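Engineer: Hey, dropping my_file_2.txt in here, compact mmCIF, C-alpha atoms and all ligand atoms:
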# COMPACT_ATOMS: atom_id res chain seq x y z
CA MET A 1338 -33.29 87.49 2.60
CA SER A 1339 -35.87 84.73 2.41
CA ASP A 1340 -35.15 81.05 3.14
CA ALA A 1341 -35.46 80.27 -0.58
CA HIS A 1342 -32.39 82.33 -1.28
CA ASN A 1343 -30.33 80.62 1.43
CA GLU A 1344 -30.61 77.31 -0.46
CA HIS A 1345 -28.52 78.66 -3.31
CA GLU A 1346 -25.76 79.88 -1.04
CA SER A 1347 -22.27 78.48 -1.80
CA ALA A 1348 -20.14 76.80 0.87
CA ILE A 1349 -17.34 79.13 -0.11
CA LYS A 1350 -17.91 82.46 1.43
CA THR A 1351 -14.48 84.01 1.83
CA PRO A 1352 -11.45 84.36 -0.52
CA LYS A 1353 -9.47 82.17 1.87
CA GLN A 1354 -11.98 79.34 1.46
CA LEU A 1355 -11.84 79.78 -2.30
CA ILE A 1356 -8.05 79.40 -2.32
CA ALA A 1357 -8.31 76.28 -0.16
CA ALA A 1358 -10.99 74.81 -2.43
CA VAL A 1359 -8.96 75.44 -5.59
CA PHE A 1360 -5.85 73.96 -4.02
CA ALA A 1361 -7.73 70.91 -2.79
CA SER A 1362 -9.32 70.30 -6.19
CA PHE A 1363 -5.79 69.97 -7.63
CA ALA A 1364 -3.99 68.26 -4.80
CA VAL A 1365 -6.52 65.61 -3.78
CA PRO A 1366 -6.79 63.89 -7.21
CA ILE A 1367 -3.03 64.09 -7.69
CA ILE A 1368 -2.35 62.47 -4.32
CA LEU A 1369 -4.95 59.79 -5.07
CA ILE A 1370 -3.31 59.05 -8.42
CA ILE A 1371 0.13 58.81 -6.84
CA LEU A 1372 -1.17 56.40 -4.22
CA LEU A 1373 -2.94 54.31 -6.85
CA VAL A 1374 0.18 54.09 -9.02
CA GLN A 1375 2.22 53.03 -6.02
CA PHE A 1376 -0.36 50.41 -5.12
CA VAL A 1377 -0.37 48.91 -8.60
CA THR A 1378 3.36 48.93 -9.27
CA SER A 1379 4.72 47.97 -5.87
CA ASP A 1380 5.60 44.35 -5.14
CA LYS A 1381 3.26 42.27 -3.11
CA LEU A 1382 3.22 43.46 0.42
CA SER A 1383 4.40 40.80 2.77
CA GLY A 1384 2.65 40.80 6.05
CA ALA A 1385 1.94 37.98 8.43
CA GLY A 1386 0.69 34.93 6.52
CA SER A 1387 1.31 36.51 3.11
CA GLN A 1388 3.92 33.80 2.29
CA SER A 1389 1.21 31.16 2.30
CA GLN A 1390 0.82 31.24 -1.50
CA SER A 1391 4.53 30.99 -2.29
CA PRO A 1392 5.55 27.92 -4.34
CA ASP A 1393 7.49 26.51 -1.41
CA ALA A 1394 4.61 26.91 0.98
CA VAL A 1395 2.13 25.37 -1.47
CA ALA A 1396 4.46 22.44 -2.19
CA ALA A 1397 4.84 21.84 1.51
CA ARG A 1398 1.08 21.83 1.96
CA ILE A 1399 0.27 19.44 -0.87
CA ARG A 1400 3.16 17.05 -0.40
CA PRO A 1401 2.08 13.42 0.05
CA VAL A 1402 1.02 12.65 3.58
CA ALA A 1403 3.29 9.66 3.72
CA ALA A 1404 7.06 9.78 3.80
CA GLU A 1405 9.07 8.77 0.75
CA ASP A 1406 9.87 5.24 1.85
CA TYR A 1407 6.21 4.53 2.53
CA SER A 1408 4.36 2.50 -0.06
CA LEU A 1409 0.69 1.73 -0.17
CA LYS A 1410 -0.11 -1.96 -0.38
CA ASP A 1411 -2.36 -2.69 -3.30
CA ALA A 1412 -4.76 -5.44 -2.29
CA ASN A 1413 -5.15 -6.43 -5.94
CA ALA A 1414 -1.45 -6.49 -6.68
CA PRO A 1415 0.09 -9.83 -7.54
CA LYS A 1416 1.05 -11.64 -4.38
CA VAL A 1417 4.70 -11.52 -3.39
CA LEU A 1418 5.66 -15.04 -2.45
CA GLN A 1419 7.47 -15.45 0.86
CA THR A 1420 10.63 -17.46 1.24
CA GLY A 1421 10.45 -20.95 2.64
CA GLU A 1422 12.18 -19.86 5.82
CA ALA A 1423 9.72 -17.02 6.38
CA VAL A 1424 6.73 -19.28 5.81
CA TYR A 1425 8.20 -21.95 8.06
CA THR A 1426 8.86 -19.51 10.88
CA ALA A 1427 5.42 -17.94 10.65
CA SER A 1428 3.18 -20.93 9.97
CA CYS A 1429 4.96 -24.22 10.49
CA ALA A 1430 7.47 -23.83 13.32
CA ALA A 1431 4.78 -23.98 15.99
CA CYS A 1432 4.43 -27.71 15.33
CA HIS A 1433 7.42 -28.66 13.25
CA GLY A 1434 9.86 -26.77 15.46
CA THR A 1435 8.73 -28.53 18.62
CA GLY A 1436 7.29 -31.78 17.38
CA ALA A 1437 3.88 -30.83 18.77
CA ALA A 1438 0.95 -33.06 17.85
CA GLY A 1439 3.39 -35.66 16.55
CA ALA A 1440 4.68 -33.46 13.77
CA PRO A 1441 8.03 -34.49 12.33
CA LYS A 1442 10.53 -32.07 13.78
CA MET A 1443 12.68 -29.92 11.57
CA GLY A 1444 16.19 -31.35 11.59
CA ASP A 1445 15.00 -34.78 12.67
CA ALA A 1446 16.25 -36.95 9.84
CA ALA A 1447 14.67 -40.09 11.27
CA GLY A 1448 11.27 -38.48 11.56
CA TRP A 1449 11.40 -37.22 7.99
CA GLY A 1450 13.17 -40.15 6.37
CA SER A 1451 10.12 -42.20 5.50
CA ARG A 1452 8.18 -39.12 4.47
CA ILE A 1453 10.95 -37.90 2.18
CA ALA A 1454 10.63 -41.22 0.43
CA ALA A 1455 7.12 -40.14 -0.63
CA GLY A 1456 8.75 -37.49 -2.77
CA TYR A 1457 8.23 -33.78 -2.96
CA GLU A 1458 4.90 -33.98 -4.78
CA GLY A 1459 3.50 -36.39 -2.22
CA LEU A 1460 4.50 -34.22 0.73
CA LEU A 1461 3.21 -31.12 -0.99
CA LYS A 1462 -0.13 -32.77 -1.60
CA SER A 1463 -0.61 -33.85 2.01
CA ALA A 1464 0.63 -30.50 3.33
CA ILE A 1465 -1.86 -28.61 1.16
CA ALA A 1466 -4.75 -30.94 1.95
CA GLY A 1467 -3.80 -31.73 5.55
CA LYS A 1468 -2.99 -35.06 7.09
CA GLY A 1469 -3.75 -36.39 10.55
CA GLY A 1470 -2.78 -33.69 13.04
CA MET A 1471 -1.48 -31.55 10.21
CA PRO A 1472 -4.06 -28.89 9.24
CA ALA A 1473 -4.47 -27.99 5.58
CA LYS A 1474 -1.71 -25.57 4.57
CA GLY A 1475 -0.55 -25.60 8.17
CA GLY A 1476 -3.73 -23.76 9.13
CA ASN A 1477 -2.90 -20.76 6.97
CA PRO A 1478 -5.16 -20.85 3.89
CA ASP A 1479 -3.67 -17.57 2.60
CA LEU A 1480 -0.45 -19.33 1.74
CA ASP A 1481 0.22 -20.00 -1.89
CA ASP A 1482 0.96 -23.56 -2.94
CA VAL A 1483 4.43 -22.41 -3.94
CA GLU A 1484 4.97 -20.98 -0.46
CA ILE A 1485 3.94 -24.30 1.08
CA GLY A 1486 6.35 -26.01 -1.26
CA ARG A 1487 9.18 -23.70 -0.28
CA ALA A 1488 8.49 -24.28 3.42
CA ILE A 1489 8.58 -28.03 2.86
CA VAL A 1490 11.87 -27.76 1.00
CA HIS A 1491 13.22 -25.58 3.79
CA MET A 1492 12.25 -28.17 6.41
CA VAL A 1493 13.17 -31.27 4.48
CA ASN A 1494 16.56 -30.02 3.35
CA ALA A 1495 17.41 -29.31 6.98
CA SER A 1496 16.31 -32.83 7.88
CA GLY A 1497 18.44 -34.95 5.61
CA GLY A 1498 16.49 -34.44 2.42
CA LYS A 1499 17.56 -32.88 -0.83
CA PHE A 1500 14.58 -31.26 -2.52
CA LYS A 1501 14.78 -28.56 -5.10
CA GLU A 1502 13.05 -25.20 -4.57
CA PRO A 1503 9.71 -25.29 -6.39
CA GLU A 1504 9.62 -23.18 -9.48
CA VAL A 1505 7.18 -20.29 -9.56
CA LYS A 1506 4.71 -20.71 -12.36
CA PRO A 1507 3.98 -17.27 -13.81
CA ALA A 1508 0.24 -17.68 -13.39
CA ALA A 1509 0.39 -19.12 -9.88
CA ALA A 1510 0.44 -15.81 -8.06
CA ALA A 1511 -2.16 -14.25 -10.30
CA ALA A 1512 -4.39 -17.30 -9.99
CA SER A 1513 -4.45 -17.10 -6.23
CA ALA A 1514 -5.07 -13.36 -6.42
CA ALA A 1515 -7.91 -13.87 -8.88
CA GLY A 1516 -9.29 -16.67 -6.75
CA SER A 1517 -9.53 -14.51 -3.64
CA ALA A 1518 -10.72 -11.49 -5.63
CA SER A 1519 -13.64 -13.35 -7.14
CA ALA A 1520 -14.45 -14.66 -3.67
CA SER A 1521 -14.62 -18.21 -4.88
CA ALA A 1522 -14.48 -20.28 -1.73
CA THR A 1523 -12.76 -23.13 -3.48
CA ALA A 1524 -9.82 -20.95 -4.41
CA SER A 1525 -7.15 -23.47 -3.62
CA ALA A 1526 -8.93 -26.31 -5.36
CA SER A 1527 -9.72 -24.30 -8.46
CA ALA A 1528 -6.50 -22.33 -8.49
CA SER A 1529 -4.82 -24.59 -10.98
CA ALA A 1530 -7.96 -24.71 -13.11
CA SER A 1531 -8.40 -20.95 -13.09
CA ALA A 1532 -4.71 -20.46 -13.73
CA ALA A 1533 -5.27 -21.21 -17.38
CA ALA A 1534 -8.50 -19.21 -17.54
CA SER A 1535 -6.99 -16.13 -15.91
CA ALA A 1536 -3.94 -15.93 -18.14
CA PRO A 1537 -5.07 -12.58 -19.64
CA ALA A 1538 -5.76 -11.30 -16.11
CA SER A 1539 -2.30 -12.29 -14.98
CA ALA A 1540 -0.76 -10.47 -17.93
CA GLN A 1541 -2.79 -7.42 -17.01
CA ALA A 1542 -1.77 -7.68 -13.37
CA ALA A 1543 1.86 -8.00 -14.33
CA ALA A 1544 1.59 -4.96 -16.52
CA SER A 1545 -0.11 -2.84 -13.88
CA SER A 1546 2.44 -3.81 -11.24
CA LYS A 1547 5.22 -2.01 -13.15
C1 LIG B 1601 -0.90 -27.65 14.00
C2 LIG B 1601 0.40 -28.21 13.85
C3 LIG B 1601 1.08 -28.15 12.49
C4 LIG B 1601 1.37 -27.05 11.74
C5 LIG B 1601 1.08 -25.58 12.06
C6 LIG B 1601 2.01 -27.52 10.55
N1 LIG B 1601 2.10 -28.89 10.56
FE1 LIG B 1601 2.89 -30.05 9.14
N2 LIG B 1601 2.44 -31.71 10.22
C7 LIG B 1601 1.83 -31.71 11.46
C8 LIG B 1601 1.65 -33.07 11.91
C9 LIG B 1601 1.01 -33.49 13.21
C10 LIG B 1601 2.17 -33.87 10.89
C11 LIG B 1601 2.21 -35.40 10.84
C12 LIG B 1601 0.94 -35.84 10.12
C13 LIG B 1601 0.85 -37.33 10.00
O1 LIG B 1601 1.80 -37.92 9.45
O2 LIG B 1601 -0.16 -37.85 10.44
C14 LIG B 1601 2.66 -32.99 9.85
C15 LIG B 1601 3.24 -33.43 8.67
C16 LIG B 1601 3.71 -32.60 7.71
C17 LIG B 1601 4.31 -33.05 6.48
C18 LIG B 1601 4.53 -34.48 6.06
C19 LIG B 1601 3.28 -34.94 5.39
C20 LIG B 1601 3.38 -36.41 4.97
O3 LIG B 1601 2.79 -36.72 3.92
O4 LIG B 1601 4.00 -37.16 5.67
C21 LIG B 1601 4.67 -31.95 5.76
C22 LIG B 1601 5.30 -31.92 4.39
C23 LIG B 1601 4.25 -30.81 6.53
N3 LIG B 1601 3.69 -31.23 7.70
C24 LIG B 1601 4.43 -29.52 6.13
C25 LIG B 1601 4.00 -28.41 6.86
C26 LIG B 1601 4.17 -27.06 6.42
C27 LIG B 1601 4.82 -26.66 5.12
C28 LIG B 1601 3.64 -26.28 7.38
C29 LIG B 1601 3.57 -24.78 7.39
C30 LIG B 1601 2.97 -24.13 6.27
C31 LIG B 1601 3.12 -27.15 8.42
N4 LIG B 1601 3.38 -28.42 8.06
C32 LIG B 1601 2.48 -26.70 9.54
C33 LIG B 1601 1.44 -30.61 12.17
C34 LIG B 1601 1.54 -29.31 11.74
Hey, can you dump this file as structure tokens for me?
Structural biologist:
Amino acid sequence: MSDAHNEHESAIKTPKQLIAAVFASFAVPIILIILLVQFVTSDKLSGAGSQSQSPDAVAARIRPVAAEDYSLKDANAPKVLQTGEAVYTASCAACHGTGAAGAPKMGDAAGWGSRIAAGYEGLLKSAIAGKGGMPAKGGNPDLDDVEIGRAIVHMVNASGGKFKEPEVKPAAAAASAAGSASASATASASASASAAASAPASAQAAASSK
């Protein structure tokens, strides 16, 4: 036989091979179909790491970084006014607790007596502007006028005086916030002036703080 004839030769040469070929042509597709059906209908296989898309695992991954009791401080939020005692301890006690620089000591009725006579408004004015060895706002320009007032009341009432806690004007906090936000250097001087101008802003701030 020539080589040309060999090309047309079948791979199946014996009856045994024919039986095997016929069997395989049935069995192989059927097995493939069975495997495919199993693959499609079976539940998700769970191997190592396959739980990573479960709702619990996703929730754990995207939970807020911070714990529940943590709260971000909004720099533009209305200022929370400190109590007189807190302001006194932080900003005034250094001098008024010890009498340093000739400051009238807290609890010293004699030292405060003549000053109390000037009245709350008078003391507030000189505390905000500064007087002698007393730096403006006790050296803490971040303090709100109301906070200064509360600190004065705290000191004076422990030194024989009887001042009333200053009332918080609704716009006071917003005015100081607006003053520092607009970077106006004369914030404290213009605070009362801008209080009226920034009334809409204060309403907005109050609304956004809810
Ligand atoms: C660096 C020291 C110092 C600090 C800090 C300080 N004071 Fe004074 N303060 C003084 C001195 C000194 C005087 C007395 C000034 C004078 O009569 O010449 C004084 C006086 C005062 C007076 C009386 C003013 C008057 O008209 O007689 C008040 C009110 C007052 N301080 C409030 C405060 C408050 C409120 C704070 C804190 C926010 C504060 N001070 C922080 C030193 C200080």
Engineer: Collect all residues with atoms no farther than 7 Å from ligand LIG 1601 (chain B), counting all atoms listed in the file, and output them as a ChimeraX atom specification.
Structural biologist: /A:1424-1425,1428-1433,1437-1441,1452,1459-1461,1463-1464,1468-1472,1474-1477,1485-1486,1488-1489
Engineer: Work out how far atom CA of A:Val1417 is from atom CA of A:Pro1503, in Å to one decimal.
Structural biologist: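 A separation of 15.0 Å between them.
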Engineer: So, with all atoms listed in the file as the atoms that count, which of A:Ile1465, A:Ser1387, A:Gly1444, A:Ala1358 lies closest to A:Asp1481?
Structural biologist: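 With all atoms listed in the file as the atom set, the closest residue is A:Ile1465.
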Engineer: Just give me the gap between atom CA of A:Asp1393 and atom CA of A:Gln1375 in Å, one decimal is fine.
Structural biologist: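 So the two atoms, atom CA of A:Asp1393 and atom CA of A:Gln1375, lie 27.4 Å apart.
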Engineer: Taking all atoms of stretch 1464-1474 of chain A that appear in the file, build a box with edges along x, y and z, extend it by 5 Å on every side, and state its centre and edge lengths in Å to one decimal, as AutoDock Vina command-line options.
Structural biologist:
--center_x -2.1 --center_y -31.0 --center_z 7.1 --size_x 15.4 --size_y 20.8 --size_z 21.9
Engineer: Hey, can you check how far atom CA of A:Gly1497 sits from atom CA of A:Gly1450?
Structural biologist: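 Separation of atom CA of A:Gly1497 and atom CA of A:Gly1450: 7.4 Å.
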Engineer: Which residue out of A:Pro1478, A:Lys1442, A:Val1395, A:Leu1418 has the minimum interatomic distance to A:Lys1506 when all atoms listed in the file are used?
Structural biologist: A:Leu1418
Engineer: Pick from A:Met1492, A:Ala1348, A:Val1374, A:Ala1394: nearest to A:Thr1426, with all atoms listed in the file counted?
Structural biologist: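 Counting all atoms listed in the file, the residue closest to A:Thr1426 is A:Met1492.
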Engineer: Could you check the closest approach to A:Lys1501 for each of A:Gly1421, A:Gly1434, A:Pro1415, A:Gly1467 and tell me which residue wins, using all atoms listed in the file?
Structural biologist: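 Closest to A:Lys1501, using all atoms listed in the file: A:Gly1421.
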Engineer: Take stretch 1455-1479 of chain A from the block and save it with N, CA and C atoms, as a PDB file, in the first residue's frame.
Structural biologist:
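Writing done, so here's part-v2.pdb:
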ATOM      1  N   ALA A1455     -17.386  97.423  91.063  1.00  0.00           N
ATOM      2  CA  ALA A1455     -17.436  97.908  89.679  1.00  0.00           C
ATOM      3  C   ALA A1455     -18.569  97.256  88.902  1.00  0.00           C
ATOM      4  N   GLY A1456     -19.096  96.169  89.462  1.00  0.00           N
ATOM      5  CA  GLY A1456     -20.216  95.515  88.790  1.00  0.00           C
ATOM      6  C   GLY A1456     -19.742  94.476  87.789  1.00  0.00           C
ATOM      7  N   TYR A1457     -20.635  93.598  87.468  1.00  0.00           N
ATOM      8  CA  TYR A1457     -20.291  92.494  86.565  1.00  0.00           C
ATOM      9  C   TYR A1457     -19.807  93.003  85.216  1.00  0.00           C
ATOM     10  N   GLU A1458     -20.537  93.970  84.651  1.00  0.00           N
ATOM     11  CA  GLU A1458     -20.173  94.447  83.316  1.00  0.00           C
ATOM     12  C   GLU A1458     -18.777  95.050  83.306  1.00  0.00           C
ATOM     13  N   GLY A1459     -18.475  95.783  84.368  1.00  0.00           N
ATOM     14  CA  GLY A1459     -17.157  96.419  84.443  1.00  0.00           C
ATOM     15  C   GLY A1459     -16.039  95.382  84.507  1.00  0.00           C
ATOM     16  N   LEU A1460     -16.229  94.370  85.341  1.00  0.00           N
ATOM     17  CA  LEU A1460     -15.206  93.325  85.463  1.00  0.00           C
ATOM     18  C   LEU A1460     -15.070  92.552  84.153  1.00  0.00           C
ATOM     19  N   LEU A1461     -16.211  92.287  83.541  1.00  0.00           N
ATOM     20  CA  LEU A1461     -16.178  91.551  82.277  1.00  0.00           C
ATOM     21  C   LEU A1461     -15.381  92.318  81.238  1.00  0.00           C
ATOM     22  N   LYS A1462     -15.636  93.625  81.191  1.00  0.00           N
ATOM     23  CA  LYS A1462     -14.951  94.456  80.203  1.00  0.00           C
ATOM     24  C   LYS A1462     -13.438  94.408  80.412  1.00  0.00           C
ATOM     25  N   SER A1463     -13.004  94.582  81.671  1.00  0.00           N
ATOM     26  CA  SER A1463     -11.551  94.620  81.876  1.00  0.00           C
ATOM     27  C   SER A1463     -10.942  93.224  81.734  1.00  0.00           C
ATOM     28  N   ALA A1464     -11.723  92.177  82.022  1.00  0.00           N
ATOM     29  CA  ALA A1464     -11.183  90.831  81.839  1.00  0.00           C
ATOM     30  C   ALA A1464     -11.032  90.505  80.359  1.00  0.00           C
ATOM     31  N   ILE A1465     -11.963  90.989  79.538  1.00  0.00           N
ATOM     32  CA  ILE A1465     -11.887  90.712  78.094  1.00  0.00           C
ATOM     33  C   ILE A1465     -10.762  91.533  77.461  1.00  0.00           C
ATOM     34  N   ALA A1466     -10.640  92.790  77.907  1.00  0.00           N
ATOM     35  CA  ALA A1466      -9.647  93.668  77.290  1.00  0.00           C
ATOM     36  C   ALA A1466      -8.274  93.542  77.946  1.00  0.00           C
ATOM     37  N   GLY A1467      -8.252  93.059  79.200  1.00  0.00           N
ATOM     38  CA  GLY A1467      -6.988  93.021  79.930  1.00  0.00           C
ATOM     39  C   GLY A1467      -6.848  94.260  80.782  1.00  0.00           C
ATOM     40  N   LYS A1468      -6.081  94.082  81.877  1.00  0.00           N
ATOM     41  CA  LYS A1468      -5.915  95.230  82.778  1.00  0.00           C
ATOM     42  C   LYS A1468      -4.663  95.000  83.611  1.00  0.00           C
ATOM     43  N   GLY A1469      -3.720  95.903  83.527  1.00  0.00           N
ATOM     44  CA  GLY A1469      -2.489  95.770  84.290  1.00  0.00           C
ATOM     45  C   GLY A1469      -1.798  94.450  83.988  1.00  0.00           C
ATOM     46  N   GLY A1470      -1.590  93.622  85.048  1.00  0.00           N
ATOM     47  CA  GLY A1470      -0.942  92.332  84.836  1.00  0.00           C
ATOM     48  C   GLY A1470      -1.889  91.277  84.304  1.00  0.00           C
ATOM     49  N   MET A1471      -3.125  91.651  84.096  1.00  0.00           N
ATOM     50  CA  MET A1471      -4.139  90.709  83.632  1.00  0.00           C
ATOM     51  C   MET A1471      -4.202  90.721  82.114  1.00  0.00           C
ATOM     52  N   PRO A1472      -3.755  89.639  81.446  1.00  0.00           N
ATOM     53  CA  PRO A1472      -3.799  89.619  79.974  1.00  0.00           C
ATOM     54  C   PRO A1472      -5.226  89.536  79.469  1.00  0.00           C
ATOM     55  N   ALA A1473      -5.438  90.021  78.254  1.00  0.00           N
ATOM     56  CA  ALA A1473      -6.787  89.974  77.670  1.00  0.00           C
ATOM     57  C   ALA A1473      -7.300  88.544  77.664  1.00  0.00           C
ATOM     58  N   LYS A1474      -8.509  88.368  78.151  1.00  0.00           N
ATOM     59  CA  LYS A1474      -9.156  87.049  78.244  1.00  0.00           C
ATOM     60  C   LYS A1474      -8.281  86.049  78.996  1.00  0.00           C
ATOM     61  N   GLY A1475      -7.485  86.545  79.935  1.00  0.00           N
ATOM     62  CA  GLY A1475      -6.629  85.648  80.694  1.00  0.00           C
ATOM     63  C   GLY A1475      -5.574  84.982  79.835  1.00  0.00           C
ATOM     64  N   GLY A1476      -5.300  85.561  78.667  1.00  0.00           N
ATOM     65  CA  GLY A1476      -4.282  85.001  77.779  1.00  0.00           C
ATOM     66  C   GLY A1476      -4.811  83.876  76.907  1.00  0.00           C
ATOM     67  N   ASN A1477      -6.110  83.692  76.898  1.00  0.00           N
ATOM     68  CA  ASN A1477      -6.698  82.615  76.092  1.00  0.00           C
ATOM     69  C   ASN A1477      -7.741  83.196  75.150  1.00  0.00           C
ATOM     70  N   PRO A1478      -7.295  83.702  73.967  1.00  0.00           N
ATOM     71  CA  PRO A1478      -8.217  84.402  73.071  1.00  0.00           C
ATOM     72  C   PRO A1478      -9.316  83.502  72.510  1.00  0.00           C
ATOM     73  N   ASP A1479      -9.178  82.172  72.649  1.00  0.00           N
ATOM     74  CA  ASP A1479     -10.223  81.278  72.142  1.00  0.00           C
ATOM     75  C   ASP A1479     -11.483  81.319  72.994  1.00  0.00           C
TER      76      ASP A1479
END
